[in-house]
Amino acid sequence: SCTASLNEDLKEMLESSKESLKLEAMKRIVGLIAKGKSASELFPAVVKNVASKNIELKKLVYVYLVRYAEEQQDLALLSISTFQRALKDPNQFIRASALRVLSSIRVPIIVPIMMLAIKEAAADLSPYVRKTSAHAIQKLYSLDPDQKEQLIEVIEKLLKDKSTLVAGSVVMAFEEVCPDRIDLIHKNYRKLCNLLVDVEEWGQVVIISMLTRYARTQFTSPWMEGAEFDENKAFYDSDSEEKKDQTEAKPYVMDPDHRLLLRNTKPLLQSRNTAVVMAVAQLYWHLAPKHEVSIVTKSLVRLLRSHREVQYIVLQNIATMSIQRKGMFEPFIKSFYVRSTDATHIKTLKLEILTNLANEANISTILREFQTYVKSQDKAFAAATIQAIGRCATNISEVTDTCLNGLVLLLSNRDEAVVAESIVVIKKLLQTQPTQHGDIIKHMAKLFDNVTVPMARASILWLMGEYCEKVPKIAPDVLRKMAKTFTAEEDIVKLQTVNLAAKLYLTNSKQTKLLTQYILNLGKYDQNYDIRDRTRFIRQLIVPNEKSGALSKYARRILLAPKPAPVLESAFKDRDRYQLGTLSHSLNLKATGYQELPDWPAVAPDQSVRNVEIVEPTKQPKSDDKFYSDDEDEKEEEGSDSSGSGSEDSSSSSSSEGLFLSVRFTVSGAFSFHEAKLMLLVISITNISMTAGFGSFLPKLEFITIMISFFYDFFFFCQHCLFPQNDSKNPTFRTSGISLFHMSFQVTTSSFGPLKTYELLHHMTGKGLSAKYHFPRQPCLYQPSMVAVQVILTNSSDHALEEIHIGDQSPASLNIHCFNTIERLEPGASVTVSMGIDFSDSTQAANFQLCTKEDQFSVSIQPAVGELLMPSTMTEQDFCKEQGKLQGMNETSATITMATANASRQAINKQVLSVANVGEVPSSQNNFSSLEARWATETEATICIGSPKLDRRLKNIA
Amino acid sequence: MIHSLFLINASGDIFLEKHWKSVVSRSVCDYFFEAQERATEPENVPPVIPTPHHYLISVLRHHIYFVAVIQSEVPPLFVIEFLHRVVDTFQDYFGVCTEAAIKDNVVVVYELLEEMLDNGFPLATESNILKELIKPPTILRTMVNTITGSTNVGEQLPTGQLSVVPWRRTGVKYTNNEAYFDVVEEIDAIIDKSGSTITAEIQGVIDACVKLTGMPDLTLSFMNPRLLDDVSFHPCVRFKRWEAERILSFIPPDGNFRLLSYHVSSQNLVAIPVYVKHNITFREGSSQGRFDLTLGPKQTMGKAVESVLVSSQLPRGVLNANLNPSQGTYTFDPVTKLLTWDVGKINPQKLPSLKGTMSLQAGASKPDENPTINIQFKIQQMAISGLKVNRLDMYGEKYKPFKGIKYMTKAGKFQAGLPDKWTLEYIKTELLHKEIRIN
């Protein structure tokens, strides 16, 4: 009840009219969310504020919405239209943040809306919005993996993006959605290499890791014999390279693209971001010729100065590297000296590396270090050091004796853990060198009474048994002691006692027969079945009886067989099966989503796939310019300035007053059919200038003809298209034979102000019910293929109208999303309702019945072609490209007449927009008088996207 | 990438959670708590912990565990580096990064985390950019906000993020244009009892405070750039220019930032600015030990060694110390056995010394450890590596900025007096000795 009343308070605050109260409430709610307390029942009250003008309030509402939308899917839908609106905002940050939130709302029903928004944002002019769309791809993919194919198309498009802001995010999306589509990388490979140094640090990590994998599929191994130095020259001196190589006939020449990657990642070793440094290091490890790998050493060692957690990961990687390449790290051996302040796992890793690096030359220094470590208060670490000494002793035969002696010395250490570990290690060492160690074994036997650690006791017992002939007096005595304490020992000690008993029985049965029998009897009734089993087995083996005759002959050979010495090897020995720097490597187990690093191909695949055709030089938007990547890139971009349409000079006609400008507006259209579903629409507005003169003294008059061409796909749409003629309000359509094509571009906001309202039902025919409609020119919420239509219903009668709804529709195939039945409309009242109509991209009328409780009225909505479109954003360059791809066309045209004096850019825009829902394509030229204005559009729905063009040129009357 | 974040305090309470994808139940932290229980020390919790459905990657700073929940393969350093940036950001915003500070500023924390990651992928991590988006709280602003209901969220949209220099906002204006650079070096060294250096290395940074109008383009050159063979840069530094000319060329962020860090390793000769002579002896059977320690300057290029502080963990058996400092004051904590001596400045003419006796627990065996001696100090106006800035030039703007460069050397982990080198010969003789006894 306490939380209930708290929630009541918050609800009240949220519903108050005071902004400050609302904000305070949201802050408290965020506090609740942060603590992990549920605040989901406040959803309706919170979501109302989603469109608040207060930025902080709005942001906090977003936080809430994203957190709870999954639980409150129906209510969450209420907020969607707000984001849809914001997606059209002229401000790129608002567009981006709308997409961020929209795509974070995990409600499956809005998948189509998200898809549309992502596609639009992927073509946004703002690289920041495009970056956001790359993030949204991953979100949508995790919400609905069925969208994969469509998302890959978006990824493909975004991979082509030249902005450094987008690169990292899209590669991230690529890695999540389609990491196996390596073919999408080919054409972008060189660009990614060149952009890399300017990409933000997090993106660099992702790109480097992806390119490592890419390189392993595309280039041949640089590790073959004779691959030493030849490729260096080849790169720096690319002109003479081929000749030289041909004459010298080197077996291996590094692909210049392979070299490009190595060269362009190297500077990043200097990054302050440890993840970037590690990424480059692993790239070199997996891709560079062996003699070049060591350039990463110093940077990796530098990372050891960073935080504990960084050290941990870096040391793990060094541990793996140092097994294969001692030489890389040997000069830095002191960097791996343990500090008393290091955490245990850091100490253990350093120990591991020191052991890997140990060789004849440095072993004495290392052992000296180890001696201090053994004294450490950190028992786990001291024990690990003793193990390490054991490993050094087996690896480097020169020091085996020294180590063994040192370890024996440790047997008199005060610390039992140290003693125990030493015993275990000595046991292993003695096994490798069993001769002449009677003294050590004797010494250990003396220690036996004081050693309590089970593993150590077991080890001593094993040694006694194994080398019982070397200590013939002591061993039976140890067995005697064990017989006394047998029942109180740990299982592992019991097992070794049984072993010892058996071995002694075989070698010295005179002294130990009774003892052995006693122990075997104890073992027979032990609680642990392993011990019972072992006891039974041993008894059958060593005590001859009629049942086990055959085997017991071999008992001695079985039990006292020479045993191979255990191999003491690094725990990191097999880690190199994982790509360095990965989570999988760190855990030594394959993490979810781990991408196997492929082996080099024997023969390099076609290199030419990475060749990029020279694209027509075009000026990039400024923000896309590479900033810090130098030289060669810049040259490419030079000479691109001269782009733009070299449209003819024109007088500054807009400044001359009193001119009249008559604009004939021709709309022609074409649709194309792209991959079954994707329709393209390109509108091209060509320009025909006409002049009209009133004599040379009169002000010049100009006519601007703007033609918008819609290109319809002949094969698909002609039959659906109706071309109304001679309608002064609607564009006139006429067909012509140009074919078309398309590409997808993003839908932008239209700044079109007042909407044209059409009569649907006059109140005289509607018995008092009148209806008007307009096209709000927003993406339709119900289905992407629908056109949003708003209907204003007014009751002009003197009585209330009830149950207003939509009845029969024709044609029957018509897909209409009806508005909900209006239960009651009072006299004089009016209500606006939304509906969605799928016109199938034709101007075919949608006929349906508007019904009240008593009557039915047949009405019809016929869209103008311009309303079927959605504005699209694209660069001028893209526009020109798309225009060039047009094939076949149907043309519709409309004429706009306006005065020259009013022919400002905005005014023309407004006029064009009144005819068609299009978006302006920014022009590279600022001078209005020589400007070409262009508008881009696409048809509503997922199926159609397009680009339109409007050329407007002013010509003087000579 | 990063799915969720949990903040856990020393006593194992989750006091903040944030999810960037679908909500992950906090019960996932149970695996972390298990690891925490197994660890003897807080810093012994492994940074990467696998659980059946997730992976936990954590950092420990200021006694708070920042535990990131990961669902699939990701470079662990990516997450660790990011988590540390989060901590740095909190510290930057709230002055301290404590549980109390985070709880008090939970809304700002949430707003920051929201901006720093999108769908678990880092979005804005540069502090200058974040400060444009979300203003750091100040006492005054908090009060004003409470009264007026105004907000912490910046009204302007971040301009830097869109530009080619995402670390710098546009439209920066100052009446006084100034650029200060601090070259700060920390020397870490381990010196054995005989005075020979076991390891010595220098960790240096150049921290900048740049308040310049417009879009200044700076170049910084050094007298001896070869010293800097192991460097890491702020992203603003042009790598290629450094590689080619050994010149730092950059458009600086606005305000405070770390321009570069460098490392002069034990491979190079590292000058040791102070030496310690000490003699700490315990005799078997005696209840007294002798303590004798003298400090002196060494390779300081004539600069004074200041703020010297010596500390040493004496063996457990020591009950008390009765010492006589030639200068400064000393304290001995009989509970923790920590001896600290605040020396102050070293006068080369009259070397500071600390002499006297230590009383031992009666009957206790002779302490077998030689205590390590930690030394802290500062040397102004000198970089111990010898690094020197040659000149700073500004391009791209017309005004004349005020420029300043400061040098300082500090002791990092500076330890002296580890036991004499342990030799293999020594073991051998010992072993012989033991064997004789055994037999």
# chains A, B, ... in the order shown; residues from 1 in each chain; ligands from 1
>>> residues_around(residues="Val106 in chain B", least_positions_apart="4", cutoff="12 Å", atoms="only C-alpha atoms", output="list of chain:residue names")
A:Met26, A:Lys27, A:Arg28, A:Ile29, A:Val30, A:Gly31, A:Leu32, A:Ile33, A:Ala34, A:Lys35, A:Leu60, B:Leu7, B:Phe15, B:Leu16, B:Glu17, B:Lys18, B:Phe90, B:Tyr93, B:Phe94, B:Thr98, B:Glu99, B:Ala100, B:Ala101, B:Ile102, B:Tyr110, B:Glu111, B:Leu112, B:Leu113, B:Pro137
>>> select_by_dssp(residues="range 180-278 of chain B", states="strand (DSSP E or B)", output="ChimeraX atom specification")
/B:180-192,197-211,217-222,231-233,237,247-250,255-264,274-278
>>> write_last_selection(atoms="C-alpha atoms", output="PDB file, in the first residue's frame")
ATOM      1  CA  TYR B 180      48.748  25.424 -20.443  1.00  0.00           C
ATOM      2  CA  PHE B 181      50.595  22.140 -20.563  1.00  0.00           C
ATOM      3  CA  ASP B 182      51.752  20.167 -17.546  1.00  0.00           C
ATOM      4  CA  VAL B 183      54.438  17.561 -18.071  1.00  0.00           C
ATOM      5  CA  VAL B 184      54.044  15.230 -15.087  1.00  0.00           C
ATOM      6  CA  GLU B 185      56.272  12.207 -14.604  1.00  0.00           C
ATOM      7  CA  GLU B 186      55.943   9.467 -12.069  1.00  0.00           C
ATOM      8  CA  ILE B 187      58.886   7.270 -11.378  1.00  0.00           C
ATOM      9  CA  ASP B 188      58.368   3.693 -10.279  1.00  0.00           C
ATOM     10  CA  ALA B 189      61.401   1.922  -8.984  1.00  0.00           C
ATOM     11  CA  ILE B 190      62.481  -1.049  -6.945  1.00  0.00           C
ATOM     12  CA  ILE B 191      65.928  -0.671  -5.443  1.00  0.00           C
ATOM     13  CA  ASP B 192      67.593  -3.455  -3.539  1.00  0.00           C
ATOM     14  CA  THR B 197      68.195  -0.664  -9.298  1.00  0.00           C
ATOM     15  CA  ILE B 198      66.101  -3.746  -9.902  1.00  0.00           C
ATOM     16  CA  THR B 199      63.517  -1.975 -12.007  1.00  0.00           C
ATOM     17  CA  ALA B 200      62.910   1.654 -12.753  1.00  0.00           C
ATOM     18  CA  GLU B 201      60.497   3.173 -15.162  1.00  0.00           C
ATOM     19  CA  ILE B 202      58.833   6.466 -15.797  1.00  0.00           C
ATOM     20  CA  GLN B 203      55.200   6.985 -16.535  1.00  0.00           C
ATOM     21  CA  GLY B 204      54.665  10.430 -17.963  1.00  0.00           C
ATOM     22  CA  VAL B 205      51.663  12.409 -19.078  1.00  0.00           C
ATOM     23  CA  ILE B 206      51.104  15.769 -20.676  1.00  0.00           C
ATOM     24  CA  ASP B 207      47.888  17.223 -19.362  1.00  0.00           C
ATOM     25  CA  ALA B 208      46.553  20.252 -21.084  1.00  0.00           C
ATOM     26  CA  CYS B 209      44.201  23.033 -20.178  1.00  0.00           C
ATOM     27  CA  VAL B 210      43.404  24.807 -23.398  1.00  0.00           C
ATOM     28  CA  LYS B 211      41.030  27.723 -23.547  1.00  0.00           C
ATOM     29  CA  ASP B 217      45.382  24.128 -34.737  1.00  0.00           C
ATOM     30  CA  LEU B 218      48.353  23.557 -32.449  1.00  0.00           C
ATOM     31  CA  THR B 219      51.751  22.010 -32.913  1.00  0.00           C
ATOM     32  CA  LEU B 220      53.955  21.066 -30.036  1.00  0.00           C
ATOM     33  CA  SER B 221      57.552  20.062 -30.626  1.00  0.00           C
ATOM     34  CA  PHE B 222      60.139  18.643 -28.266  1.00  0.00           C
ATOM     35  CA  VAL B 231      53.353   6.934 -26.335  1.00  0.00           C
ATOM     36  CA  SER B 232      49.604   6.942 -26.501  1.00  0.00           C
ATOM     37  CA  PHE B 233      47.668   9.895 -27.772  1.00  0.00           C
ATOM     38  CA  VAL B 237      46.643  14.031 -32.298  1.00  0.00           C
ATOM     39  CA  ILE B 247      55.686  16.732 -33.905  1.00  0.00           C
ATOM     40  CA  LEU B 248      52.395  16.752 -32.049  1.00  0.00           C
ATOM     41  CA  SER B 249      49.871  18.353 -34.316  1.00  0.00           C
ATOM     42  CA  PHE B 250      46.282  18.637 -33.115  1.00  0.00           C
ATOM     43  CA  GLY B 255      39.144  22.682 -21.647  1.00  0.00           C
ATOM     44  CA  ASN B 256      41.050  20.021 -19.743  1.00  0.00           C
ATOM     45  CA  PHE B 257      42.273  16.865 -21.413  1.00  0.00           C
ATOM     46  CA  ARG B 258      45.168  14.444 -21.432  1.00  0.00           C
ATOM     47  CA  LEU B 259      47.152  15.059 -24.599  1.00  0.00           C
ATOM     48  CA  LEU B 260      49.410  12.075 -24.312  1.00  0.00           C
ATOM     49  CA  SER B 261      50.826   9.515 -21.931  1.00  0.00           C
ATOM     50  CA  TYR B 262      54.233   8.022 -22.360  1.00  0.00           C
ATOM     51  CA  HIS B 263      56.381   5.434 -20.814  1.00  0.00           C
ATOM     52  CA  VAL B 264      60.129   5.493 -20.453  1.00  0.00           C
ATOM     53  CA  VAL B 274      66.995   9.771  -4.302  1.00  0.00           C
ATOM     54  CA  TYR B 275      68.878   7.096  -2.505  1.00  0.00           C
ATOM     55  CA  VAL B 276      68.190   5.350   0.795  1.00  0.00           C
ATOM     56  CA  LYS B 277      70.729   3.873   3.118  1.00  0.00           C
ATOM     57  CA  HIS B 278      69.214   1.754   5.793  1.00  0.00           C
TER      58      HIS B 278
END
>>> atom_distance(atom1="CA of Asp606 in chain A", atom2="CA of Val171 in chain A")
22.6 Å
>>> interface_residues(of="chain A", to="chain B", cutoff="7 Å", atoms="only C-alpha atoms", output="MDAnalysis selection string")
chainID A and resid 20 27 30:31 34:36 55:56 128 135 139 202 267 270:275 298:299 302 309:310 313 334 343:345 368 405:406 409 443 581:584 591:594 623 627:628
>>> residues_around(residues="Pro297 in chain B", least_positions_apart="5", cutoff="10 Å", atoms="only C-alpha atoms", output="JSON, numbers by chain")
{"B": [272, 273, 274, 275, 276, 302, 303, 304, 305, 346, 347, 348, 351]}
>>> write_last_selection(atoms="N, CA, C and O atoms", output="CSV table (one decimal), in the first residue's frame")
chain,number,residue,atom,x,y,z
B,272,ILE,N,67.7,7.9,-11.0
B,272,ILE,CA,67.1,7.7,-9.7
B,272,ILE,C,67.3,9.0,-8.9
B,272,ILE,O,68.5,9.2,-8.6
B,273,PRO,N,66.3,9.7,-8.5
B,273,PRO,CA,66.6,11.0,-7.9
B,273,PRO,C,67.0,10.9,-6.4
B,273,PRO,O,67.5,11.9,-5.9
B,274,VAL,N,66.6,9.8,-5.7
B,274,VAL,CA,67.0,9.8,-4.3
B,274,VAL,C,67.6,8.4,-4.0
B,274,VAL,O,67.4,7.4,-4.7
B,275,TYR,N,68.4,8.4,-3.0
B,275,TYR,CA,68.9,7.1,-2.5
B,275,TYR,C,68.5,6.9,-1.0
B,275,TYR,O,68.3,7.9,-0.3
B,276,VAL,N,68.5,5.7,-0.6
B,276,VAL,CA,68.2,5.4,0.8
B,276,VAL,C,69.3,4.5,1.3
B,276,VAL,O,69.7,3.5,0.6
B,302,GLY,N,70.2,19.4,-9.8
B,302,GLY,CA,70.2,20.6,-9.0
B,302,GLY,C,68.8,21.0,-8.4
B,302,GLY,O,68.8,22.0,-7.7
B,303,LYS,N,67.8,20.3,-8.7
B,303,LYS,CA,66.5,20.7,-8.2
B,303,LYS,C,66.2,20.1,-6.9
B,303,LYS,O,66.7,19.0,-6.6
B,304,ALA,N,65.4,20.8,-6.1
B,304,ALA,CA,65.2,20.3,-4.7
B,304,ALA,C,64.2,19.2,-4.7
B,304,ALA,O,63.2,19.2,-5.4
B,305,VAL,N,64.4,18.2,-3.8
B,305,VAL,CA,63.5,17.1,-3.6
B,305,VAL,C,62.6,17.5,-2.5
B,305,VAL,O,63.1,17.7,-1.4
B,346,ILE,N,64.6,17.7,1.2
B,346,ILE,CA,66.0,17.1,1.5
B,346,ILE,C,67.0,18.2,1.3
B,346,ILE,O,67.1,18.8,0.2
B,347,ASN,N,67.8,18.5,2.3
B,347,ASN,CA,68.9,19.4,2.2
B,347,ASN,C,70.1,18.6,1.9
B,347,ASN,O,70.6,17.8,2.8
B,348,PRO,N,70.8,18.8,0.8
B,348,PRO,CA,71.9,18.0,0.4
B,348,PRO,C,73.1,18.2,1.4
B,348,PRO,O,73.9,17.3,1.5
B,351,LEU,N,71.9,15.7,5.4
B,351,LEU,CA,71.0,14.6,4.9
B,351,LEU,C,70.1,14.2,6.1
B,351,LEU,O,70.6,14.1,7.2
>>> atom_distance(atom1="CA of Ser312 in chain B", atom2="CA of Leu367 in chain A")
26.2 Å
>>> residues_around(residues="Thr355 in chain A", least_positions_apart="5", cutoff="10 Å", atoms="only C-alpha atoms", output="list of chain:residue names")
A:Ala319, A:Ser322, A:Ile323, A:Leu349, A:Lys350, A:Ile363, A:Ile366, A:Leu367, A:Phe370, A:Thr385, A:Gln387, A:Ala388, A:Ile389, A:Gly390, A:Arg391, A:Cys392, A:Asn395, A:Glu569, A:Ser570
>>> closest_residue(among="B:Lys355, B:Lys345, B:Lys406, B:Arg38", to="Thr281 in chain B", atoms="only C-alpha atoms")
B:Lys355
>>> atom_distance(atom1="CA of Val831 in chain A", atom2="CA of His762 in chain A")
15.5 Å
>>> residues_around(residues="Leu57 in chain A", least_positions_apart="5", cutoff="8 Å", atoms="only C-alpha atoms", output="list in words")
Lys22, Leu23, Met26, Asn49 and Ser52 of chain A
>>> closest_residue(among="A:Ala380, A:Leu184, A:Ala361, A:Leu560", to="Glu398 in chain A", atoms="only C-alpha atoms")
A:Ala361
>>> select_by_dssp(residues="range 23-256 of chain B", states="alpha helix (DSSP H)", output="PyMOL selection string")
chain B and resi 29-38+76-94+99-104+106-116+127-133+139-148+239-245
